[in-house]
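Asks: Take this structure first; my questions come after.
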Amino acid sequence: MTAGRRFRELKPRVRFAQKAAAPGGIGVDQAVRGAEARLAPLMDRVAAQVLQLVDEMLAAGGGPARQPLDVAGLRGRADAVVGLSAAVGLPEFQSVASSLCRLIDNAAGEALNPAALTVHLDALRLFRDSSPEVRAQVAPSVLEGLRRLASFRGRTAAAA
Amino acid sequence: MTGRLSIVEQTKLNIEQVVVVVAGGSALELELLVQVFAGFGARQLKRAENAQQLSAAVMTGEVDLVVIDAAMGLDDALQVVRTLRRCSDDRKFTPVVLTSSNVSEQTIEFARSSGVNYVVAKPVAPRVLFERLVWIVRDKRAYFETEHFVGPDRRTRPLGPPIGVDGRRSGDLSGHLGAASEPNMSQADIDALMFPVRKAL
């Protein structure tokens with residue numbers, strides 16, 4: 001026992017667990033079916049929102065060089081793309097946006113590497129401008145490139 | 001062929017009377033999460049768009065489950081969790097699930113140290129979310145209150161206290177072995193333990 005320091009072990013009374021144990025519950029398969037039925041009517045809106053967010057990211061990241069980059073805005077939009085795109089069958093956008101979130105978070109307030117940012121925006125642009133068939137065809141190599149970029153940046157950060 | 005059902009598949013939850021607050025993220029993400037919970041059967045859903053609204057909601061004491069999107073600002077979100085965990089009543093036991101688009105080790109460490117129960121990577125699939133709800137219901141972890149931490153036990157694996165540190169939990173065994181209570185085993189006994197042999201019965 002560590003002397004002189006406050007330490008208490010508590011047995012939690014979790015109201016959520018008590019309520020959820022009430023009779024009439026549903027299992028995971030029924031719950032997932034229920035959720036999917038509720039989500040279905042929203043899917044068109046979600047797809048449109050993803051494409052709008054991508055447009056906004058491309059506009060924000062491709063602005064005039066003298067204009068300061070709105071990193072927080074870019075991060076917020078990328079985050080939303082991660083949250084929304086997989087639900088509407090656009091996993092390629094999710095992967096790029098997810099990688100961009102990590103890039104921004106790892107920079108921890110320092111200036112973003114312009115080349116790394118450009119690669120992400122180019123990938124988003126390519127996916128946006130491609131048909132689903134072409135997107136599916138090129139996605140593996142593009143995403144592999146981003147993975148290698150992240151791994152390279154991770155190694156150089158560790159060596160620094 | 002039907003295999004054995006997992007714990008999650010065996011568990012049924014009734015969240016009709018559960019008060020859920022979902023917080024953060026874009027308006028549409030919030031809407032998706034609300035609809036997922038509605039699909040699970042929840043009828044009492046609250047939304048919080050920012051840390052102030054979240055704090056106001058959880059401190060009422062009416063909330064049974066909190067789901068926070070780290071997009072609202074990780075620091076702000078976790079500050080609300082730390083405040084909740086410092087409540088003097090049962091509000092401090094309210095389960096908190098954090099969703100994040102960047103689930104780095106550092107994020108998980110930070111979240112757990114603030115008292116978050118579970119971290120879920122975005123995009124949040126309904127099945128994964130329901131599984132975490134089952135985990136919360138079946139969670140047997142004690143809560144700990146120390147100078148710098150209040151929340152569910154951060155040790156999720158039974159590995160005991162860190163090496164060189166005396167255990168503080170009631171279930172921690174003493175590192176002191178004490179005197180032997182039985183005679184030493186013979187080498188043959190040890191060999192029999194290490195190298196089992198097949199015998200015809």
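The way I read the labels, and the way they are meant: chains A, B, ... in the order of the structure tokens, residue 1 as the first residue of every chain, and ligand 1 as the first ligand shown, with later ones counted on from there.
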Enumerate as a PyMOL selection string the residues belonging to chain B that approach chain A to within 7 Å, with only C-alpha atoms taken into account.
Replies: chain B and resi 9+11-15+17-18+25-26+29+32+35-40+64-65+71+90+93-94+101-102+122-123+126-127+130+137+142-147+166-169
Asks: Run DSSP on the backbone and give me the residues of range 21-102 of chain A it puts in helix (DSSP H, G or I), as JSON, numbers by chain.
Replies: {"A": [28, 29, 30, 31, 32, 33, 34, 35, 36, 37, 38, 39, 40, 41, 42, 43, 44, 45, 46, 47, 48, 49, 50, 51, 52, 53, 54, 55, 56, 57, 58, 59, 60, 61, 71, 72, 73, 74, 75, 76, 77, 78, 79, 80, 81, 82, 83, 84, 85, 86, 87, 88, 91, 92, 93, 94, 95, 96, 97, 98, 99, 100, 101, 102]}
Asks: Mind checking which residues fall within 9 Å of range 118-126 of chain A, counting only C-alpha atoms, ignoring those fewer than 2 positions away in the same chain, and posting them as a PDB file with C-alpha atoms, in the first residue's frame?
Replies:
```pdb
ATOM      1  CA  VAL A  54     -14.205  16.594 -49.812  1.00  0.00           C
ATOM      2  CA  ASP A  55     -14.813  19.642 -52.018  1.00  0.00           C
ATOM      3  CA  MET A  57     -11.131  20.141 -48.030  1.00  0.00           C
ATOM      4  CA  LEU A  58      -9.748  20.478 -51.540  1.00  0.00           C
ATOM      5  CA  GLY A  61      -5.926  22.838 -48.920  1.00  0.00           C
ATOM      6  CA  GLY A  62      -5.465  24.136 -52.434  1.00  0.00           C
ATOM      7  CA  GLU A  92     -11.470   4.944 -49.972  1.00  0.00           C
ATOM      8  CA  PHE A  93     -12.397   8.427 -48.780  1.00  0.00           C
ATOM      9  CA  VAL A  96      -7.456   8.945 -47.000  1.00  0.00           C
ATOM     10  CA  ALA A  97      -9.244  11.155 -44.463  1.00  0.00           C
ATOM     11  CA  SER A  99      -4.521   9.168 -42.801  1.00  0.00           C
ATOM     12  CA  LEU A 100      -4.880  12.950 -43.051  1.00  0.00           C
ATOM     13  CA  ASN A 113       4.639  18.879 -44.473  1.00  0.00           C
ATOM     14  CA  PRO A 114       3.321  20.438 -47.723  1.00  0.00           C
ATOM     15  CA  ALA A 115       4.211  17.420 -49.851  1.00  0.00           C
ATOM     16  CA  ALA A 116       2.439  15.014 -47.491  1.00  0.00           C
ATOM     17  CA  ARG A 128     -13.793  12.238 -56.251  1.00  0.00           C
ATOM     18  CA  ASP A 129     -13.238  12.524 -59.994  1.00  0.00           C
ATOM     19  CA  SER A 130     -13.219   8.781 -60.695  1.00  0.00           C
ATOM     20  CA  ARG A 135     -11.827   4.152 -57.884  1.00  0.00           C
ATOM     21  CA  ALA A 139      -7.515   2.592 -54.573  1.00  0.00           C
ATOM     22  CA  VAL A 142      -3.008   4.903 -53.766  1.00  0.00           C
ATOM     23  CA  LEU A 143      -3.745   3.742 -50.222  1.00  0.00           C
ATOM     24  CA  LEU A 146      -0.232   6.683 -48.189  1.00  0.00           C
TER      25      LEU A 146
END
```
Asks: Which of chain A end up as strand (DSSP E or B) when DSSP is run on this backbone - answer as a list in words?
Replies: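 Selection result, strand (DSSP E or B) within chain A: Phe7, Arg8, Glu9, Leu10 and Ile26 of chain A.
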Asks: Atoms to include: C-alpha atoms. Write the selected residues as a compact mmCIF listing (two decimals), in the first residue's frame.
Replies:
```
# COMPACT_ATOMS: atom_id res chain seq x y z
CA PHE A 7 -6.62 5.38 -2.73
CA ARG A 8 -10.12 3.96 -2.74
CA GLU A 9 -11.44 0.90 -4.51
CA LEU A 10 -15.14 1.19 -5.32
CA ILE A 26 -32.82 -7.54 -27.96
```
